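*Asks:* Input file: structure-v6.txt. Contents: compact mmCIF, N, CA, C and O atoms.
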# COMPACT_ATOMS: atom_id res chain seq x y z
N MET A 151 1.01 -12.17 -3.50
CA MET A 151 1.34 -13.56 -3.26
C MET A 151 1.82 -13.72 -1.82
O MET A 151 2.81 -13.10 -1.43
N PRO A 152 1.11 -14.50 -1.00
CA PRO A 152 1.50 -14.68 0.40
C PRO A 152 2.87 -15.34 0.53
O PRO A 152 3.27 -16.14 -0.31
N LEU A 153 3.57 -15.01 1.60
CA LEU A 153 4.87 -15.61 1.87
C LEU A 153 4.68 -17.04 2.34
O LEU A 153 3.64 -17.41 2.87
N GLU A 154 5.72 -17.84 2.18
CA GLU A 154 5.68 -19.22 2.66
C GLU A 154 5.55 -19.22 4.18
O GLU A 154 6.14 -18.38 4.87
N ALA A 155 4.79 -20.15 4.71
CA ALA A 155 4.55 -20.22 6.15
C ALA A 155 5.84 -20.41 6.93
O ALA A 155 6.03 -19.81 7.99
N GLY A 156 6.75 -21.21 6.42
CA GLY A 156 8.02 -21.44 7.10
C GLY A 156 8.85 -20.18 7.22
O GLY A 156 9.51 -19.94 8.23
N LEU A 157 8.82 -19.35 6.19
CA LEU A 157 9.57 -18.10 6.21
C LEU A 157 8.95 -17.14 7.22
O LEU A 157 9.66 -16.50 8.00
N LEU A 158 7.64 -17.05 7.23
CA LEU A 158 6.96 -16.14 8.14
C LEU A 158 7.20 -16.52 9.60
O LEU A 158 7.27 -15.66 10.47
N GLU A 159 7.37 -17.81 9.87
CA GLU A 159 7.61 -18.27 11.25
C GLU A 159 8.95 -17.79 11.79
O GLU A 159 9.08 -17.55 12.99
N ILE A 160 9.96 -17.62 10.93
CA ILE A 160 11.28 -17.24 11.43
C ILE A 160 11.53 -15.74 11.37
O ILE A 160 12.49 -15.25 11.95
N LEU A 161 10.68 -14.99 10.66
CA LEU A 161 10.86 -13.55 10.58
C LEU A 161 10.28 -12.87 11.81
O LEU A 161 9.27 -13.31 12.36
N ALA A 162 10.95 -11.79 12.24
CA ALA A 162 10.47 -11.01 13.37
C ALA A 162 10.75 -9.54 13.09
O ALA A 162 11.58 -9.20 12.26
N CYS A 163 10.05 -8.68 13.79
CA CYS A 163 10.25 -7.25 13.65
C CYS A 163 11.66 -6.88 14.10
O CYS A 163 12.07 -7.23 15.21
N PRO A 164 12.42 -6.19 13.26
CA PRO A 164 13.78 -5.82 13.66
C PRO A 164 13.81 -4.80 14.80
O PRO A 164 14.79 -4.71 15.52
N ALA A 165 12.74 -4.06 15.00
CA ALA A 165 12.72 -3.03 16.04
C ALA A 165 12.41 -3.60 17.42
O ALA A 165 13.06 -3.26 18.40
N CYS A 166 11.40 -4.49 17.51
CA CYS A 166 10.98 -4.98 18.83
C CYS A 166 11.00 -6.50 18.95
O CYS A 166 10.69 -7.03 20.01
N HIS A 167 11.28 -7.21 17.87
CA HIS A 167 11.40 -8.67 17.82
C HIS A 167 10.07 -9.41 17.99
O HIS A 167 10.06 -10.59 18.28
N ALA A 168 8.96 -8.73 17.79
CA ALA A 168 7.63 -9.37 17.84
C ALA A 168 7.37 -10.09 16.51
O ALA A 168 7.99 -9.77 15.49
N PRO A 169 6.46 -11.05 16.50
CA PRO A 169 6.09 -11.71 15.24
C PRO A 169 5.49 -10.72 14.25
O PRO A 169 4.99 -9.66 14.63
N LEU A 170 5.51 -11.11 12.97
CA LEU A 170 4.97 -10.27 11.91
C LEU A 170 3.70 -10.88 11.35
O LEU A 170 3.59 -12.10 11.21
N SER A 171 2.75 -10.03 11.01
CA SER A 171 1.49 -10.45 10.40
C SER A 171 1.61 -10.31 8.88
O SER A 171 2.04 -9.27 8.38
N ASP A 172 1.23 -11.34 8.15
CA ASP A 172 1.35 -11.36 6.70
C ASP A 172 0.18 -10.64 6.04
O ASP A 172 -0.97 -11.07 6.14
N ARG A 173 0.47 -9.53 5.40
CA ARG A 173 -0.55 -8.79 4.65
C ARG A 173 -0.09 -8.61 3.21
O ARG A 173 -0.30 -7.58 2.59
N THR A 174 0.56 -9.65 2.68
CA THR A 174 1.09 -9.57 1.32
C THR A 174 0.01 -9.75 0.27
O THR A 174 0.23 -9.44 -0.89
N ALA A 175 -1.16 -10.24 0.66
CA ALA A 175 -2.25 -10.42 -0.30
C ALA A 175 -3.03 -9.11 -0.50
O ALA A 175 -3.85 -9.02 -1.40
N ASP A 176 -2.77 -8.11 0.32
CA ASP A 176 -3.45 -6.82 0.20
C ASP A 176 -2.95 -6.06 -1.02
O ASP A 176 -1.98 -6.45 -1.66
N GLU A 177 -3.60 -4.94 -1.31
CA GLU A 177 -3.20 -4.10 -2.45
C GLU A 177 -1.77 -3.62 -2.30
O GLU A 177 -1.01 -3.57 -3.25
N THR A 178 -1.40 -3.22 -1.08
CA THR A 178 -0.03 -2.83 -0.78
C THR A 178 0.58 -3.92 0.08
O THR A 178 0.31 -3.98 1.28
N PRO A 179 1.39 -4.81 -0.50
CA PRO A 179 1.92 -5.94 0.28
C PRO A 179 2.90 -5.47 1.36
O PRO A 179 3.79 -4.67 1.09
N GLU A 180 2.68 -5.97 2.57
CA GLU A 180 3.55 -5.60 3.68
C GLU A 180 3.45 -6.63 4.79
O GLU A 180 2.52 -7.43 4.83
N LEU A 181 4.43 -6.60 5.68
CA LEU A 181 4.42 -7.39 6.89
C LEU A 181 4.27 -6.42 8.04
O LEU A 181 5.03 -5.46 8.14
N VAL A 182 3.30 -6.66 8.91
CA VAL A 182 2.99 -5.72 9.98
C VAL A 182 3.38 -6.34 11.32
O VAL A 182 3.02 -7.48 11.62
N CYS A 183 4.09 -5.56 12.12
CA CYS A 183 4.51 -5.99 13.45
C CYS A 183 3.27 -6.16 14.33
O CYS A 183 2.38 -5.31 14.34
N THR A 184 3.24 -7.25 15.09
CA THR A 184 2.11 -7.51 15.98
C THR A 184 2.35 -6.96 17.38
O THR A 184 1.49 -7.08 18.24
N GLY A 185 3.51 -6.35 17.61
CA GLY A 185 3.81 -5.76 18.91
C GLY A 185 2.87 -4.61 19.22
O GLY A 185 2.57 -3.78 18.35
N THR A 186 2.40 -4.52 20.45
CA THR A 186 1.41 -3.51 20.82
C THR A 186 1.98 -2.10 20.80
O THR A 186 1.25 -1.15 20.52
N GLU A 187 3.24 -1.94 21.08
CA GLU A 187 3.82 -0.60 21.11
C GLU A 187 4.54 -0.24 19.82
O GLU A 187 4.89 0.92 19.62
N CYS A 188 4.79 -1.18 18.96
CA CYS A 188 5.57 -0.93 17.74
C CYS A 188 4.64 -0.72 16.54
O CYS A 188 4.42 0.39 16.11
N GLY A 189 4.11 -1.81 15.99
CA GLY A 189 3.16 -1.74 14.90
C GLY A 189 3.71 -1.30 13.55
O GLY A 189 2.94 -0.93 12.67
N LEU A 190 5.04 -1.31 13.36
CA LEU A 190 5.61 -0.90 12.08
C LEU A 190 5.16 -1.84 10.96
O LEU A 190 4.96 -3.03 11.17
N ALA A 191 5.01 -1.29 9.76
CA ALA A 191 4.62 -2.08 8.59
C ALA A 191 5.78 -2.06 7.60
O ALA A 191 6.17 -0.99 7.12
N TYR A 192 6.33 -3.22 7.31
CA TYR A 192 7.49 -3.36 6.43
C TYR A 192 7.03 -3.72 5.02
O TYR A 192 6.24 -4.66 4.85
N PRO A 193 7.51 -3.02 4.01
CA PRO A 193 7.07 -3.32 2.63
C PRO A 193 7.64 -4.64 2.13
O PRO A 193 8.68 -5.11 2.60
N VAL A 194 6.92 -5.23 1.18
CA VAL A 194 7.38 -6.42 0.47
C VAL A 194 7.47 -6.03 -0.99
O VAL A 194 6.46 -5.69 -1.61
N ARG A 195 8.68 -6.05 -1.53
CA ARG A 195 8.91 -5.65 -2.93
C ARG A 195 9.42 -6.85 -3.71
O ARG A 195 10.41 -7.48 -3.32
N ASP A 196 8.75 -7.16 -4.81
CA ASP A 196 9.12 -8.31 -5.65
C ASP A 196 9.22 -9.59 -4.82
O ASP A 196 10.15 -10.37 -4.97
N ASP A 197 8.26 -9.78 -3.92
CA ASP A 197 8.17 -10.95 -3.04
C ASP A 197 9.32 -11.06 -2.04
O ASP A 197 9.57 -12.12 -1.49
N ILE A 198 10.02 -9.95 -1.79
CA ILE A 198 11.13 -9.92 -0.82
C ILE A 198 10.79 -8.92 0.28
O ILE A 198 10.62 -7.74 0.01
N PRO A 199 10.71 -9.38 1.54
CA PRO A 199 10.43 -8.46 2.65
C PRO A 199 11.62 -7.51 2.87
O PRO A 199 12.77 -7.94 2.91
N VAL A 200 11.33 -6.24 2.99
CA VAL A 200 12.35 -5.23 3.27
C VAL A 200 12.25 -4.90 4.76
O VAL A 200 11.47 -4.06 5.16
N LEU A 201 13.05 -5.59 5.56
CA LEU A 201 12.95 -5.47 7.01
C LEU A 201 13.94 -4.44 7.53
O LEU A 201 14.80 -4.73 8.37
N LEU A 202 13.81 -3.23 7.05
CA LEU A 202 14.63 -2.11 7.50
C LEU A 202 13.72 -1.11 8.20
O LEU A 202 12.71 -0.68 7.64
N VAL A 203 14.08 -0.73 9.41
CA VAL A 203 13.25 0.20 10.18
C VAL A 203 13.08 1.52 9.43
O VAL A 203 12.00 2.12 9.45
N ASP A 204 14.12 1.96 8.73
CA ASP A 204 14.04 3.22 7.98
C ASP A 204 13.06 3.15 6.82
O ASP A 204 12.55 4.18 6.36
N GLU A 205 12.77 1.94 6.31
CA GLU A 205 11.84 1.76 5.19
C GLU A 205 10.41 1.48 5.67
O GLU A 205 9.49 1.47 4.87
N ALA A 206 10.23 1.23 6.96
CA ALA A 206 8.92 0.85 7.50
C ALA A 206 7.98 2.05 7.58
O ALA A 206 8.39 3.18 7.76
N ARG A 207 6.70 1.72 7.43
CA ARG A 207 5.64 2.72 7.58
C ARG A 207 5.21 2.74 9.04
O ARG A 207 5.02 1.70 9.67
N ARG A 208 5.10 3.93 9.59
CA ARG A 208 4.67 4.08 10.98
C ARG A 208 3.17 3.81 11.09
O ARG A 208 2.42 4.09 10.15
N PRO A 209 2.71 3.29 12.23
CA PRO A 209 1.27 3.04 12.39
C PRO A 209 0.47 4.34 12.34
O PRO A 209 0.95 5.39 12.75
N ALA A 210 -0.75 4.22 11.85
CA ALA A 210 -1.62 5.40 11.72
C ALA A 210 -2.25 5.78 13.05
O ALA A 210 -2.31 5.09 13.98
As structure tokens, please, write out the structure in this file.
*Replies:*
Amino acid sequence: MPLEAGLLEILACPACHAPLSDRTADETPELVCTGTECGLAYPVRDDIPVLLVDEARRPA
């Protein structure tokens, strides 16, 4: 289930403060940092974004 547009507009990557890309409709729901040097992917559990750097998946 995609996040509300208003919520996505105010969320930012906690590591680099870049906007986040909504990939909650994918098989593994997550928000992905759009920063060129960061690229962390934050999980979304029970429709709640977990914006903790320690919980983020590193880019491949």
*Asks:* Rank nothing, just name the residue among A:Ala175, A:Leu202, A:Ala210, A:Leu157 nearest to Gly189 in chain A, using all atoms listed in the file.
*Replies:* A:Ala210
*Asks:* Quick one: of A:Glu154, A:Arg173, A:Ala168, A:Val200, who's nearest to Gly185 in chain A, counting only N, CA, C and O atoms?
*Replies:*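 So, comparing all the options, the nearest one is A:Ala168.
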*Asks:* Run DSSP on the backbone and grab whatever in chain A lands in strand (DSSP E or B); send it over as a list in words.
*Replies:*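 Matching residues for strand (DSSP E or B) in chain A are Ala162, Pro169, Leu170, Ser171, Asp172, Arg173, Glu180, Leu181, Val182, Cys183, Ala191, Tyr192, Pro193, Val194, Arg195, Ile198, Pro199 and Arg207 of chain A.
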*Asks:* Leaving out Asp176 in chain A and any residue of its chain fewer than 6 positions from it, which residues lie within 12 Å of it when counting only C-alpha atoms, given as a PyMOL selection string?
*Replies:* chain A and resi 151-152+182+193-194
*Asks:* Go ahead and compute the interatomic distance for atom O of Pro209 in chain A and CA of Gly156 in chain A, in Å to one decimal.
*Replies:* 28.3 Å
*Asks:* What residues have an atom no more than 5 Å from (15.0, -7.9, 10.6) in the file's own frame, counting only N, CA, C and O atoms, and can you write them as a PyMOL selection string?
*Replies:* chain A and resi 162-164+201
*Asks:* Report, as lines of an AutoDock Vina configuration file, the axis-aligned box around all atoms of range 178-186 of chain A present in the file, extended by 5 Å on each side; give centre and edge lengths in Å to one decimal place.
*Replies:*
center_x = 1.8
center_y = -4.3
center_z = 9.9
size_x = 16.4
size_y = 16.4
size_z = 31.9
*Asks:* Between CA of His167 in chain A and atom C of Ala191 in chain A, what is the distance in Å, rounded to a tenth?
*Replies:*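 CA of His167 in chain A sits 13.4 Å away from atom C of Ala191 in chain A.
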*Asks:* What is the distance, in Å and to one decimal place, between atom N of Glu205 in chain A and atom N of Leu181 in chain A?
*Replies:*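 Atom-to-atom, atom N of Glu205 in chain A and atom N of Leu181 in chain A are spaced 12.0 Å apart.
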*Asks:* Got a sec: who's within 5 Å of Thr184 in chain A, counting only N, CA, C and O atoms, leaving out chain neighbours fewer than 6 positions off, as a list in words?
*Replies:* Pro169, Leu170 and Ser171 of chain A
*Asks:* Given the choices A:Asp172, A:Arg195, A:Cys166, A:Arg207, which gets closest to Leu153 in chain A if the distance is worked out from all atoms listed in the file?
*Replies:*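 Looking only at the distances to Leu153 in chain A, the closest residue turns out to be A:Asp172.
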*Asks:* Determine which residues of chain A receive a DSSP assignment of alpha helix (DSSP H), computed from the backbone, and state them as a PyMOL selection string.
*Replies:* chain A and resi 155-160
*Asks:* For range 188-199 of chain A, supply all heavy atoms and report the output as a PDB file, in the frame of the given file.
*Replies:*
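Generated file (part_13.pdb):
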ATOM      1  N   CYS A 188       4.790  -1.180  18.960  1.00  0.00           N
ATOM      2  CA  CYS A 188       5.570  -0.930  17.740  1.00  0.00           C
ATOM      3  C   CYS A 188       4.640  -0.720  16.540  1.00  0.00           C
ATOM      4  O   CYS A 188       4.420   0.390  16.110  1.00  0.00           O
ATOM      5  CB  CYS A 188       6.523  -2.095  17.500  1.00  0.00           C
ATOM      6  SG  CYS A 188       7.582  -1.887  16.068  1.00  0.00           S
ATOM      7  N   GLY A 189       4.110  -1.810  15.990  1.00  0.00           N
ATOM      8  CA  GLY A 189       3.160  -1.740  14.900  1.00  0.00           C
ATOM      9  C   GLY A 189       3.710  -1.300  13.550  1.00  0.00           C
ATOM     10  O   GLY A 189       2.940  -0.930  12.670  1.00  0.00           O
ATOM     11  N   LEU A 190       5.040  -1.310  13.360  1.00  0.00           N
ATOM     12  CA  LEU A 190       5.610  -0.900  12.080  1.00  0.00           C
ATOM     13  C   LEU A 190       5.160  -1.840  10.960  1.00  0.00           C
ATOM     14  O   LEU A 190       4.960  -3.030  11.170  1.00  0.00           O
ATOM     15  CB  LEU A 190       7.137  -0.897  12.162  1.00  0.00           C
ATOM     16  CG  LEU A 190       7.759   0.152  13.066  1.00  0.00           C
ATOM     17  CD1 LEU A 190       9.266  -0.073  13.160  1.00  0.00           C
ATOM     18  CD2 LEU A 190       7.467   1.538  12.553  1.00  0.00           C
ATOM     19  N   ALA A 191       5.010  -1.290   9.760  1.00  0.00           N
ATOM     20  CA  ALA A 191       4.620  -2.080   8.590  1.00  0.00           C
ATOM     21  C   ALA A 191       5.780  -2.060   7.600  1.00  0.00           C
ATOM     22  O   ALA A 191       6.170  -0.990   7.120  1.00  0.00           O
ATOM     23  CB  ALA A 191       3.366  -1.507   7.953  1.00  0.00           C
ATOM     24  N   TYR A 192       6.330  -3.220   7.310  1.00  0.00           N
ATOM     25  CA  TYR A 192       7.490  -3.360   6.430  1.00  0.00           C
ATOM     26  C   TYR A 192       7.030  -3.720   5.020  1.00  0.00           C
ATOM     27  O   TYR A 192       6.240  -4.660   4.850  1.00  0.00           O
ATOM     28  CB  TYR A 192       8.436  -4.428   6.966  1.00  0.00           C
ATOM     29  CG  TYR A 192       8.970  -4.081   8.336  1.00  0.00           C
ATOM     30  CD1 TYR A 192       8.336  -4.530   9.485  1.00  0.00           C
ATOM     31  CD2 TYR A 192      10.084  -3.272   8.472  1.00  0.00           C
ATOM     32  CE1 TYR A 192       8.802  -4.190  10.739  1.00  0.00           C
ATOM     33  CE2 TYR A 192      10.569  -2.929   9.720  1.00  0.00           C
ATOM     34  CZ  TYR A 192       9.929  -3.386  10.851  1.00  0.00           C
ATOM     35  OH  TYR A 192      10.387  -3.034  12.094  1.00  0.00           O
ATOM     36  N   PRO A 193       7.510  -3.020   4.010  1.00  0.00           N
ATOM     37  CA  PRO A 193       7.070  -3.320   2.630  1.00  0.00           C
ATOM     38  C   PRO A 193       7.640  -4.640   2.130  1.00  0.00           C
ATOM     39  O   PRO A 193       8.680  -5.110   2.600  1.00  0.00           O
ATOM     40  CB  PRO A 193       7.652  -2.146   1.835  1.00  0.00           C
ATOM     41  CG  PRO A 193       8.845  -1.705   2.605  1.00  0.00           C
ATOM     42  CD  PRO A 193       8.502  -1.944   4.052  1.00  0.00           C
ATOM     43  N   VAL A 194       6.920  -5.230   1.180  1.00  0.00           N
ATOM     44  CA  VAL A 194       7.380  -6.420   0.470  1.00  0.00           C
ATOM     45  C   VAL A 194       7.470  -6.030  -0.990  1.00  0.00           C
ATOM     46  O   VAL A 194       6.460  -5.690  -1.610  1.00  0.00           O
ATOM     47  CB  VAL A 194       6.424  -7.610   0.675  1.00  0.00           C
ATOM     48  CG1 VAL A 194       6.885  -8.815  -0.123  1.00  0.00           C
ATOM     49  CG2 VAL A 194       6.306  -7.954   2.152  1.00  0.00           C
ATOM     50  N   ARG A 195       8.680  -6.050  -1.530  1.00  0.00           N
ATOM     51  CA  ARG A 195       8.910  -5.650  -2.930  1.00  0.00           C
ATOM     52  C   ARG A 195       9.420  -6.850  -3.710  1.00  0.00           C
ATOM     53  O   ARG A 195      10.410  -7.480  -3.320  1.00  0.00           O
ATOM     54  CB  ARG A 195       9.923  -4.511  -2.990  1.00  0.00           C
ATOM     55  CG  ARG A 195       9.440  -3.260  -2.304  1.00  0.00           C
ATOM     56  CD  ARG A 195      10.425  -2.125  -2.462  1.00  0.00           C
ATOM     57  NE  ARG A 195       9.995  -0.999  -1.640  1.00  0.00           N
ATOM     58  CZ  ARG A 195      10.755  -0.397  -0.744  1.00  0.00           C
ATOM     59  NH1 ARG A 195      11.998  -0.790  -0.544  1.00  0.00           N
ATOM     60  NH2 ARG A 195      10.280   0.601  -0.035  1.00  0.00           N
ATOM     61  N   ASP A 196       8.750  -7.160  -4.810  1.00  0.00           N
ATOM     62  CA  ASP A 196       9.120  -8.310  -5.650  1.00  0.00           C
ATOM     63  C   ASP A 196       9.220  -9.590  -4.820  1.00  0.00           C
ATOM     64  O   ASP A 196      10.150 -10.370  -4.970  1.00  0.00           O
ATOM     65  CB  ASP A 196      10.431  -8.042  -6.386  1.00  0.00           C
ATOM     66  CG  ASP A 196      10.341  -6.858  -7.331  1.00  0.00           C
ATOM     67  OD1 ASP A 196       9.276  -6.683  -7.947  1.00  0.00           O
ATOM     68  OD2 ASP A 196      11.326  -6.107  -7.440  1.00  0.00           O
ATOM     69  N   ASP A 197       8.260  -9.780  -3.920  1.00  0.00           N
ATOM     70  CA  ASP A 197       8.170 -10.950  -3.040  1.00  0.00           C
ATOM     71  C   ASP A 197       9.320 -11.060  -2.040  1.00  0.00           C
ATOM     72  O   ASP A 197       9.570 -12.120  -1.490  1.00  0.00           O
ATOM     73  CB  ASP A 197       8.078 -12.255  -3.857  1.00  0.00           C
ATOM     74  CG  ASP A 197       6.812 -12.317  -4.686  1.00  0.00           C
ATOM     75  OD1 ASP A 197       5.787 -11.764  -4.239  1.00  0.00           O
ATOM     76  OD2 ASP A 197       6.839 -12.915  -5.774  1.00  0.00           O
ATOM     77  N   ILE A 198      10.020  -9.950  -1.790  1.00  0.00           N
ATOM     78  CA  ILE A 198      11.130  -9.920  -0.820  1.00  0.00           C
ATOM     79  C   ILE A 198      10.790  -8.920   0.280  1.00  0.00           C
ATOM     80  O   ILE A 198      10.620  -7.740   0.010  1.00  0.00           O
ATOM     81  CB  ILE A 198      12.453  -9.539  -1.505  1.00  0.00           C
ATOM     82  CG1 ILE A 198      12.783 -10.541  -2.608  1.00  0.00           C
ATOM     83  CG2 ILE A 198      13.580  -9.458  -0.472  1.00  0.00           C
ATOM     84  CD1 ILE A 198      13.940 -10.129  -3.480  1.00  0.00           C
ATOM     85  N   PRO A 199      10.710  -9.380   1.540  1.00  0.00           N
ATOM     86  CA  PRO A 199      10.430  -8.460   2.650  1.00  0.00           C
ATOM     87  C   PRO A 199      11.620  -7.510   2.870  1.00  0.00           C
ATOM     88  O   PRO A 199      12.770  -7.940   2.910  1.00  0.00           O
ATOM     89  CB  PRO A 199      10.266  -9.380   3.858  1.00  0.00           C
ATOM     90  CG  PRO A 199      10.087 -10.746   3.307  1.00  0.00           C
ATOM     91  CD  PRO A 199      10.749 -10.772   1.975  1.00  0.00           C
TER      92      PRO A 199
END
